[in-house]
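K.L.:
Structure file my_file-v6.csv (CSV, C-alpha atoms and all ligand atoms) right here:
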chain,number,residue,atom,x,y,z
A,1,MET,CA,198.5,64.7,112.8
A,2,GLN,CA,198.7,63.6,109.2
A,3,VAL,CA,198.0,66.2,106.7
A,4,THR,CA,197.4,65.2,103.1
A,5,LEU,CA,197.8,67.7,100.3
A,6,ARG,CA,196.6,67.1,96.7
A,7,ASN,CA,197.8,67.9,93.2
A,8,PRO,CA,200.2,66.3,93.6
A,9,ARG,CA,199.3,64.1,96.6
A,10,ARG,CA,201.8,64.4,99.5
A,11,VAL,CA,201.6,63.8,103.2
A,12,LEU,CA,203.0,66.0,106.0
A,13,GLU,CA,203.3,65.4,109.7
A,14,VAL,CA,202.1,68.4,111.7
A,15,ALA,CA,202.1,68.7,115.5
A,16,GLY,CA,198.7,69.5,117.1
A,17,PRO,CA,196.7,71.0,118.5
A,18,VAL,CA,196.5,73.7,115.8
A,19,ARG,CA,193.6,75.8,114.4
A,20,VAL,CA,192.7,75.4,110.7
A,21,SER,CA,193.4,79.0,110.0
A,22,ALA,CA,196.9,78.8,111.7
A,23,LEU,CA,197.7,75.6,109.8
A,24,LEU,CA,196.8,77.2,106.5
A,25,ASP,CA,198.9,80.3,107.4
A,26,ARG,CA,201.8,78.1,108.3
A,27,LEU,CA,201.6,76.3,105.0
A,28,GLU,CA,201.1,79.6,103.2
A,29,ILE,CA,197.8,78.5,101.7
A,30,HIS,CA,195.1,81.0,101.0
A,31,ARG,CA,191.9,79.8,102.7
A,32,ASP,CA,189.6,80.7,99.8
A,33,THR,CA,191.6,78.3,97.6
A,34,VAL,CA,191.1,75.1,99.7
A,35,LEU,CA,188.7,73.1,101.8
A,36,VAL,CA,189.9,71.5,105.0
A,37,ILE,CA,188.5,68.0,105.6
A,38,ARG,CA,188.9,66.2,109.0
A,39,ASN,CA,188.2,62.5,109.1
A,40,ALA,CA,186.0,62.9,106.0
A,41,THR,CA,184.0,65.9,107.3
A,42,LEU,CA,184.3,69.5,106.3
A,43,VAL,CA,185.5,71.9,109.0
A,44,PRO,CA,185.5,75.7,109.2
A,45,SER,CA,188.5,77.9,109.8
A,46,ASP,CA,188.3,78.2,113.7
A,47,THR,CA,188.3,74.4,114.3
A,48,LEU,CA,191.0,73.1,116.6
A,49,LEU,CA,192.7,70.1,115.0
A,50,GLU,CA,194.2,67.5,117.3
A,51,ASP,CA,197.1,65.1,116.9
A,52,ALA,CA,194.9,62.1,116.3
A,53,ASP,CA,193.1,63.8,113.4
A,54,GLU,CA,193.5,62.9,109.7
A,55,ILE,CA,193.4,66.0,107.7
A,56,GLU,CA,193.0,66.6,104.0
A,57,ILE,CA,193.7,70.0,102.4
A,58,ARG,CA,191.9,69.9,99.1
A,59,PRO,CA,192.5,72.6,96.5
A,60,VAL,CA,189.3,73.9,94.8
A,61,ILE,CA,190.7,75.9,91.9
A,62,SER,CA,190.3,74.3,88.5
A,63,GLY,CA,192.3,75.4,85.5
A,64,GLY,CA,190.3,74.6,82.4
A,65,SER,CA,189.4,77.6,80.2
A,66,SER,CA,186.3,76.3,78.5
B,1,MET,CA,181.5,78.9,114.5
B,2,LYS,CA,177.8,78.5,114.4
B,3,CYS,CA,175.3,78.1,111.5
B,4,ARG,CA,173.7,81.3,110.6
B,5,VAL,CA,170.3,79.6,110.3
B,6,CYS,CA,170.1,77.0,113.2
B,7,ARG,CA,173.0,77.9,115.4
B,8,GLN,CA,174.4,74.4,115.3
B,9,PRO,CA,178.1,73.9,114.7
B,10,ALA,CA,179.1,75.2,111.2
B,11,VAL,CA,181.0,73.1,108.6
B,12,ILE,CA,181.9,76.1,106.4
B,13,ASP,CA,182.5,79.8,106.6
B,14,LEU,CA,181.8,81.9,103.5
B,15,ARG,CA,183.5,85.2,103.8
B,16,ARG,CA,181.9,86.6,100.7
B,17,HIS,CA,178.5,86.2,102.4
B,18,ASN,CA,179.8,86.8,105.8
B,19,ALA,CA,178.0,83.7,106.9
B,20,ASN,CA,178.6,80.2,108.3
B,21,PHE,CA,176.5,77.2,107.6
B,22,CYS,CA,175.9,73.7,108.9
B,23,ALA,CA,175.8,70.9,106.3
B,24,GLU,CA,172.1,71.0,105.9
B,25,HIS,CA,171.8,74.7,105.6
B,26,PHE,CA,174.8,74.9,103.3
B,27,VAL,CA,173.1,72.6,100.9
B,28,GLU,CA,170.0,74.7,101.2
B,29,HIS,CA,172.0,77.8,100.5
B,30,CYS,CA,173.4,76.3,97.3
B,31,ARG,CA,170.0,75.2,96.1
B,32,GLU,CA,168.5,78.6,96.8
B,33,GLN,CA,171.3,80.3,94.8
B,34,VAL,CA,170.7,77.9,91.8
B,35,ARG,CA,166.9,78.3,92.0
B,36,ARG,CA,167.3,82.1,92.0
B,37,THR,CA,169.7,82.0,89.1
B,38,ILE,CA,167.4,79.8,87.0
B,39,ASP,CA,164.4,81.9,87.8
B,40,HIS,CA,166.1,85.3,87.4
B,41,PHE,CA,167.6,84.5,84.0
B,42,LYS,CA,164.7,82.3,82.9
B,43,MET,CA,167.1,79.4,82.2
B,44,VAL,CA,164.8,76.4,82.3
B,45,ALA,CA,161.0,76.3,81.9
B,46,PRO,CA,158.8,73.7,83.5
B,47,GLY,CA,158.9,70.5,81.4
B,48,ASP,CA,162.2,71.4,79.7
B,49,ARG,CA,164.7,68.6,79.2
B,50,VAL,CA,168.2,69.6,80.2
B,51,LEU,CA,171.5,68.1,79.1
B,52,VAL,CA,174.2,68.6,81.7
B,53,ALA,CA,177.8,68.7,80.4
B,54,VAL,CA,179.5,66.4,82.9
B,55,SER,CA,183.2,66.2,83.2
B,56,GLY,CA,183.6,64.2,86.4
B,57,GLY,CA,184.8,67.3,88.2
B,58,LYS,CA,183.2,69.1,91.2
B,59,ASP,CA,181.2,71.7,89.3
B,60,SER,CA,179.4,69.5,86.8
B,61,LEU,CA,178.6,66.8,89.2
B,62,ALA,CA,177.3,69.3,91.7
B,63,LEU,CA,175.3,71.0,89.0
B,64,TRP,CA,173.7,67.7,87.9
B,65,ASP,CA,172.9,66.9,91.5
B,66,LEU,CA,171.4,70.3,92.2
B,67,LEU,CA,169.2,70.2,89.1
B,68,VAL,CA,167.9,66.8,89.9
B,69,GLU,CA,167.3,67.8,93.5
B,70,LEU,CA,165.4,70.9,92.4
B,71,GLY,CA,163.1,68.6,90.3
B,72,TYR,CA,164.4,69.3,86.8
B,73,ASP,CA,164.5,66.6,84.1
B,74,ALA,CA,168.3,66.5,83.6
B,75,ASP,CA,170.4,63.9,81.8
B,76,GLY,CA,174.3,64.0,81.6
B,77,LEU,CA,176.7,64.0,78.7
B,78,TYR,CA,180.2,62.9,79.3
B,79,LEU,CA,182.8,63.6,76.6
B,80,GLY,CA,185.9,61.4,76.5
B,81,LEU,CA,188.8,63.8,75.7
B,82,GLY,CA,191.5,61.2,75.4
B,83,ILE,CA,193.8,62.9,77.9
B,84,GLY,CA,195.4,59.8,79.3
B,85,ASP,CA,194.8,58.6,82.9
B,86,TYR,CA,193.0,61.9,83.6
B,87,SER,CA,190.3,61.1,81.1
B,88,ASP,CA,190.0,57.5,82.2
B,89,GLU,CA,189.5,58.6,85.8
B,90,SER,CA,187.1,61.4,85.1
B,91,GLY,CA,184.9,59.1,83.1
B,92,ARG,CA,184.8,56.7,86.1
B,93,TYR,CA,183.6,59.5,88.4
B,94,ALA,CA,180.9,60.5,85.9
B,95,ARG,CA,179.6,56.9,85.4
B,96,GLU,CA,179.7,56.2,89.1
B,97,PHE,CA,177.7,59.3,90.0
B,98,ALA,CA,175.1,58.4,87.3
B,99,SER,CA,174.7,54.8,88.2
B,100,GLN,CA,174.5,55.4,92.0
B,101,ARG,CA,171.6,57.8,91.4
B,102,GLY,CA,170.0,55.9,88.5
B,103,LEU,CA,170.5,58.9,86.2
B,104,HIS,CA,171.0,58.7,82.4
B,105,LEU,CA,174.5,59.5,81.2
B,106,VAL,CA,175.1,59.8,77.4
B,107,GLU,CA,178.7,59.3,76.4
B,108,VAL,CA,180.7,60.5,73.4
B,109,ASP,CA,184.4,59.6,72.9
B,110,LEU,CA,186.5,62.0,70.8
B,111,ARG,CA,188.9,59.3,69.7
B,112,ASP,CA,186.4,56.5,69.1
B,113,ASP,CA,183.5,58.4,67.8
B,114,ILE,CA,185.2,61.4,66.1
B,115,GLY,CA,188.7,60.2,65.3
B,116,PHE,CA,191.1,62.4,67.3
B,117,ASP,CA,191.9,63.3,70.9
B,118,VAL,CA,192.8,66.6,72.7
B,119,PRO,CA,196.6,66.0,72.9
B,120,THR,CA,196.7,65.1,69.2
B,121,ALA,CA,194.6,68.0,68.1
B,122,ALA,CA,196.8,70.4,70.1
B,123,ALA,CA,199.9,69.0,68.4
B,124,VAL,CA,198.4,69.2,64.9
B,125,THR,CA,197.0,72.7,65.4
B,126,LYS,CA,200.1,73.9,67.3
B,127,ARG,CA,197.8,75.7,69.8
B,128,VAL,CA,197.1,75.2,73.5
B,129,PRO,CA,195.2,72.0,74.2
B,130,CYS,CA,192.3,74.0,75.8
B,131,SER,CA,191.5,75.6,72.5
B,132,ALA,CA,190.8,72.4,70.6
B,133,CYS,CA,189.3,71.0,73.8
B,134,GLY,CA,186.9,73.9,74.2
B,135,LEU,CA,185.9,73.9,70.6
B,136,SER,CA,185.1,70.2,70.7
B,137,LYS,CA,183.1,70.4,73.9
B,138,ARG,CA,181.0,73.3,72.6
B,139,HIS,CA,180.4,71.6,69.3
B,140,LEU,CA,179.6,68.1,70.5
B,141,PHE,CA,177.5,69.2,73.5
B,142,ASP,CA,175.4,71.4,71.1
B,143,ARG,CA,175.1,68.5,68.6
B,144,ALA,CA,174.1,66.0,71.3
B,145,ALA,CA,171.5,68.3,72.7
B,146,ILE,CA,169.9,68.9,69.2
B,147,ASP,CA,170.1,65.3,68.3
B,148,GLY,CA,168.6,64.2,71.6
B,149,GLY,CA,165.8,66.7,71.6
B,150,TYR,CA,167.0,68.6,74.7
B,151,ASP,CA,165.8,72.2,75.3
B,152,ALA,CA,169.0,73.4,76.9
B,153,VAL,CA,172.7,72.5,77.6
B,154,ALA,CA,173.7,73.3,81.2
B,155,THR,CA,177.4,73.8,82.1
B,156,GLY,CA,179.0,74.0,85.5
B,157,HIS,CA,180.7,77.4,85.1
B,158,ASN,CA,180.8,78.9,88.5
B,159,LEU,CA,181.4,82.5,89.6
B,160,ASP,CA,185.2,82.1,89.7
B,161,ASP,CA,185.2,80.8,86.1
B,162,GLU,CA,183.0,83.5,84.8
B,163,ALA,CA,184.9,86.3,86.6
B,164,ALA,CA,188.2,84.9,85.3
B,165,VAL,CA,186.9,84.8,81.7
B,166,LEU,CA,185.5,88.3,82.0
B,167,PHE,CA,188.8,89.5,83.4
B,168,GLY,CA,190.6,88.0,80.4
B,169,ASN,CA,188.2,89.4,77.9
B,170,THR,CA,188.4,92.8,79.5
B,171,LEU,CA,192.1,92.9,79.6
B,172,ARG,CA,192.1,92.4,75.8
B,173,TRP,CA,188.8,94.3,75.2
B,174,ASN,CA,187.6,91.3,73.4
B,175,ILE,CA,184.3,92.9,72.3
B,176,GLU,CA,182.7,89.9,70.6
B,177,TYR,CA,183.3,87.7,73.6
B,178,LEU,CA,182.1,90.3,76.0
B,179,GLY,CA,178.8,90.5,74.0
B,180,ARG,CA,178.0,86.9,74.5
B,181,GLN,CA,179.4,86.3,78.0
B,182,LEU,CA,175.9,85.8,79.5
B,183,PRO,CA,174.6,83.2,81.9
B,184,VAL,CA,171.9,82.3,79.4
B,185,LEU,CA,172.2,82.3,75.6
B,186,PRO,CA,168.9,81.7,73.8
B,187,ALA,CA,168.5,78.9,71.3
B,188,ARG,CA,168.8,79.7,67.6
B,189,ALA,CA,168.9,77.8,64.4
B,190,GLY,CA,171.0,74.8,64.8
B,191,LEU,CA,172.0,75.6,68.4
B,192,PRO,CA,170.4,74.8,71.7
B,193,ARG,CA,169.8,77.2,74.6
B,194,LYS,CA,172.9,77.4,76.9
B,195,VAL,CA,172.6,78.0,80.6
B,196,LYS,CA,175.1,78.4,83.5
B,197,PRO,CA,173.1,77.9,86.7
B,198,LEU,CA,176.1,78.0,89.0
B,199,VAL,CA,177.2,81.6,88.3
B,200,ARG,CA,176.1,82.8,91.8
B,201,LEU,CA,178.2,80.1,93.5
B,202,ALA,CA,182.0,80.2,94.0
B,203,GLU,CA,184.4,77.5,93.2
B,204,ARG,CA,185.0,76.7,96.8
B,205,GLU,CA,181.3,76.4,97.5
B,206,MET,CA,181.0,73.8,94.7
B,207,ALA,CA,183.8,71.7,96.1
B,208,ALA,CA,182.2,72.0,99.6
B,209,TYR,CA,178.8,71.0,98.2
B,210,CYS,CA,180.3,67.8,96.8
B,211,VAL,CA,182.0,66.9,100.1
B,212,VAL,CA,178.8,67.6,102.1
B,213,ARG,CA,176.7,65.6,99.7
B,214,GLY,CA,179.1,62.7,99.5
B,215,ILE,CA,179.8,63.2,95.8
B,216,ASP,CA,183.1,61.7,94.7
B,217,TYR,CA,184.7,63.8,92.0
B,218,GLN,CA,188.0,64.1,90.3
B,219,VAL,CA,190.2,66.4,92.4
B,220,GLU,CA,193.3,66.0,90.2
B,221,GLU,CA,193.7,68.7,87.7
B,222,CYS,CA,193.8,68.2,83.9
B,223,PRO,CA,197.5,67.9,83.0
B,224,MET,CA,196.9,70.2,80.1
B,225,ALA,CA,195.8,73.1,82.3
B,226,ALA,CA,199.3,73.7,83.7
B,227,GLY,CA,200.2,77.4,83.5
B,228,ASN,CA,197.3,78.5,81.3
B,229,ARG,CA,196.2,82.1,81.4
B,230,HIS,CA,192.9,81.3,83.0
B,231,LEU,CA,194.6,80.0,86.2
B,232,GLY,CA,196.6,83.2,86.3
B,233,TYR,CA,193.4,85.3,86.1
B,234,LYS,CA,191.9,83.3,88.9
B,235,GLU,CA,194.9,83.9,91.1
B,236,ALA,CA,194.9,87.6,90.3
B,237,LEU,CA,191.2,87.9,91.2
B,238,ASN,CA,191.7,85.8,94.4
B,239,ALA,CA,194.4,88.2,95.5
B,240,ILE,CA,192.0,91.1,95.0
B,241,GLU,CA,189.2,89.2,96.7
B,242,ALA,CA,191.4,88.5,99.7
B,243,SER,CA,191.7,92.2,100.5
B,244,SER,CA,188.2,93.1,99.4
B,245,PRO,CA,185.7,90.3,99.9
B,246,GLY,CA,182.9,90.5,97.4
B,247,ALA,CA,185.0,92.2,94.7
B,248,LYS,CA,184.8,89.2,92.4
B,249,SER,CA,181.0,88.9,92.4
B,250,ALA,CA,180.6,92.7,92.0
B,251,PHE,CA,183.0,92.6,89.0
B,252,TYR,CA,180.9,89.9,87.3
B,253,PHE,CA,177.3,90.9,88.3
B,254,GLU,CA,177.8,94.6,87.8
B,255,PHE,CA,179.1,93.8,84.3
B,256,LEU,CA,175.9,91.8,83.6
B,257,ASP,CA,173.8,94.6,85.0
B,258,LYS,CA,175.5,97.7,83.7
B,259,ALA,CA,177.8,96.9,80.8
B,260,SER,CA,177.0,93.6,79.0
B,261,HIS,CA,174.2,95.2,76.9
B,262,LEU,CA,176.7,97.7,75.5
B,263,PHE,CA,178.4,94.9,73.7
B,264,ALA,CA,175.2,93.1,72.6
B,265,ASN,CA,175.1,94.8,69.2
B,266,ARG,CA,178.4,93.5,68.2
B,267,ALA,CA,177.5,90.0,69.2
B,268,GLN,CA,174.3,90.3,67.2
B,269,THR,CA,176.1,91.6,64.1
B,270,GLU,CA,178.4,88.7,64.4
B,271,ARG,CA,175.5,86.2,64.7
B,272,ASP,CA,173.7,87.8,61.7
B,273,GLY,CA,176.8,87.0,59.5
B,274,LEU,CA,176.7,83.3,60.2
B,275,GLN,CA,175.6,80.6,57.8
B,276,ALA,CA,175.2,76.9,58.1
B,277,CYS,CA,178.4,74.8,57.9
B,278,GLN,CA,178.5,72.9,54.6
B,279,SER,CA,179.5,69.8,56.3
B,280,CYS,CA,177.5,69.7,59.6
B,281,GLY,CA,175.0,72.5,59.5
B,282,THR,CA,176.4,74.4,62.6
B,283,PRO,CA,176.2,78.2,62.2
B,284,THR,CA,179.6,79.5,61.2
B,285,PRO,CA,181.2,82.7,59.7
B,286,GLY,CA,182.9,80.6,57.0
B,287,GLU,CA,181.8,77.8,54.7
B,288,VAL,CA,183.0,75.0,57.0
B,289,CYS,CA,182.9,75.3,60.8
B,290,ALA,CA,186.0,75.3,63.0
B,291,PHE,CA,185.1,71.9,64.4
B,292,CYS,CA,184.8,70.2,61.0
B,293,ARG,CA,188.1,71.8,59.9
B,294,LEU,CA,189.7,70.4,63.1
B,295,VAL,CA,188.3,66.9,62.2
B,296,GLU,CA,189.8,67.3,58.7
B,297,ARG,CA,193.2,68.5,59.9
B,298,THR,CA,193.6,65.7,62.5
B,299,ALA,CA,192.5,62.9,60.2
B,300,GLY,CA,195.3,60.4,59.9
B,301,ALA,CA,197.5,62.2,62.5
B,302,THR,CA,199.6,59.9,64.7
B,303,PRO,CA,198.1,59.9,68.2
B,304,VAL,CA,200.3,61.9,70.7
B,305,GLU,CA,201.5,60.0,73.7
B,306,LEU,CA,200.9,61.9,77.0
B,307,THR,CA,204.0,62.6,79.0
B,308,VAL,CA,202.9,65.7,80.9
B,309,LYS,CA,202.5,65.3,84.6
B,310,ALA,CA,200.1,67.2,86.8
B,311,PRO,CA,201.5,70.5,88.1
B,312,PRO,CA,202.3,71.1,91.7
B,313,LEU,CA,199.7,72.7,93.9
C,1,LIG,S1,192.1,72.1,81.1
C,1,LIG,FE1,192.0,72.5,79.0
C,1,LIG,S2,192.5,70.6,78.0
C,1,LIG,FE2,192.0,70.1,80.1
C,1,LIG,S3,189.9,69.6,80.1
C,1,LIG,FE3,190.0,71.7,80.6
C,1,LIG,S4,189.8,72.8,78.6
C,1,LIG,FE4,190.2,70.6,78.2
C,2,ZN,ZN,172.1,75.0,110.2
C,3,ZN,ZN,180.8,71.8,60.7
In structure tokens, how does this file's structure come out?
P.N.:
Amino acid sequence: MQVTLRNPRRVLEVAGPVRVSALLDRLEIHRDTVLVIRNATLVPSDTLLEDADEIEIRPVISGGSS
Amino acid sequence: MKCRVCRQPAVIDLRRHNANFCAEHFVEHCREQVRRTIDHFKMVAPGDRVLVAVSGGKDSLALWDLLVELGYDADGLYLGLGIGDYSDESGRYAREFASQRGLHLVEVDLRDDIGFDVPTAAAVTKRVPCSACGLSKRHLFDRAAIDGGYDAVATGHNLDDEAAVLFGNTLRWNIEYLGRQLPVLPARAGLPRKVKPLVRLAEREMAAYCVVRGIDYQVEECPMAAGNRHLGYKEALNAIEASSPGAKSAFYFEFLDKASHLFANRAQTERDGLQACQSCGTPTPGEVCAFCRLVERTAGATPVELTVKAPPL
């Protein structure tokens, strides 16, 4: 499946099926710092992602201090 | 995973609340949190006109959407900061959101209307960009609210933001700041009421709210934020939260409950010592306020070209 990461934008190819939580562990991303979006819909951490899915891992932490 | 309310498939799991929600009930959860915050802290009264500080990012657009959905009379104010492509893009998100919903967006541009931009101000003052940026935002939002006859300025500070600021202020025992780190600051001469209706919602919840509501927002980070302290504090708090869920909200809300009043005197003394800026009338400890001094210092400075790139994830 195609996994898009942001900031900066880059695309990875990951073999499915894989659970959201396992994918994040594999990429060493803490689940509270991102959203996982499959084909434009939000999915929770136990979702099984398939090869045909388009996945975006979107960071949610903003850095501004004002 | 199933929604806690309706048992339909969930779209999000919130460990802090030990709860999962479907799209509909997640939106309801966010509205409920905001409604409770506004009521509890008496942020907005019926009939009040609210000016939302809109940046084009997730928090401020979600806030505007939530306020309008809850029935409040809320306009937006977008401030052009002159931070290259980042600002161009964030302005587009703000305008698009407003026009799609038929909402009123006021715009102020630092460069065109005031005469400087954030990168140039940072170069002239030799301080981090966020400092001139924050000063300008506070000043211009206040001014626009007073000029436009609004009762309150609402900002999109979420729980993670507030906890990180509190963490930073506590590390340095920044007493003055601790005394005014409140979710609502009452209006006083020359300044509007300031409210932060999102303090009960985490950063991740705000991003999720935007996705669920179909709100397009700027995901890219401000290039000026790279490596600032605030991000480091958030990371530290997230590491603590990972091993003890709920620690972040306890840190912030227990502070409000048990400790913030201990610093209120100091903040009051500081307020009592303020006088009107000779140039613009804003309350200030000196003769001329920090913003007017910044305008003076940047006058005639050569605009700085942006070369910084966004930091890696
Ligand atoms: S990161 Fe700093 S410079 Fe960028 S918008 Fe936020 S406060 Fe302004
Ligand atoms: Zn539900
Ligand atoms: Zn002034």
K.L.:
How would you report the residues lying within 6 Å of ligand ZN 2 (chain C), as a list in words, if you count only C-alpha atoms and all ligand atoms?
P.N.:
Cys3, Val5, Cys6, Gln8, Phe21, Cys22, Glu24 and His25 of chain B
K.L.:
Would you mind listing, for every residue of segment 11-37 of chain A within 9 Å of segment 50-60 of chain A, the two atoms forming the shortest contact and the distance between them in Å to one decimal, using all atoms listed in the file, sorted by chain and ascending residue number, as a Markdown table?
P.N.:
| residue | atom | partner | partner_atom | distance |
| --- | --- | --- | --- | --- |
| A:Val14 | CA | A:Asp51 | CA | 7.9 |
| A:Ala15 | CA | A:Asp51 | CA | 6.3 |
| A:Gly16 | CA | A:Asp51 | CA | 4.7 |
| A:Pro17 | CA | A:Glu50 | CA | 4.5 |
| A:Val18 | CA | A:Glu50 | CA | 6.8 |
| A:Arg19 | CA | A:Glu50 | CA | 8.8 |
| A:Leu24 | CA | A:Ile57 | CA | 8.8 |
| A:Asp32 | CA | A:Val60 | CA | 8.4 |
| A:Thr33 | CA | A:Val60 | CA | 5.7 |
| A:Val34 | CA | A:Pro59 | CA | 4.3 |
| A:Leu35 | CA | A:Arg58 | CA | 5.3 |
| A:Val36 | CA | A:Ile57 | CA | 4.8 |
| A:Ile37 | CA | A:Glu56 | CA | 5.0 |
K.L.:
Excluding same-chain residues fewer than 4 positions from Val288 of chain B, what lies within 9 Å of it counting all atoms listed in the file, as a PyMOL selection string?
P.N.:
chain B and resi 276-282+284+292-293
K.L.:
Using only C-alpha atoms and a cut-off of 6 Å, which residues of chain B sit close to chain A? Please list them as a PyMOL selection string.
P.N.:
chain B and resi 11-13+134+204+220+225+230-231+312-313
K.L.:
Any idea what the distance is between atom CA of Gly80 of chain B and atom CA of Thr125 of chain B?
P.N.:
19.3 Å
K.L.:
Between B:Gly232, B:Asn238, B:Cys289, B:Ala267, which is the closest to Gly179 of chain B once you count only C-alpha atoms?
P.N.:
B:Ala267
K.L.:
Can you tell me which residues surround Val295 of chain B at a distance of at most 8 Å, considering all atoms listed in the file, apart from same-chain residues fewer than 5 positions away, and format the answer as a tab-separated table (two decimals) with C-alpha atoms, keeping the file's coordinate frame?
P.N.:
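This is the output file out-v5.tsv:
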chain	number	residue	atom	x	y	z
B	114	ILE	CA	185.20	61.40	66.10
B	115	GLY	CA	188.70	60.20	65.30
B	116	PHE	CA	191.10	62.40	67.30
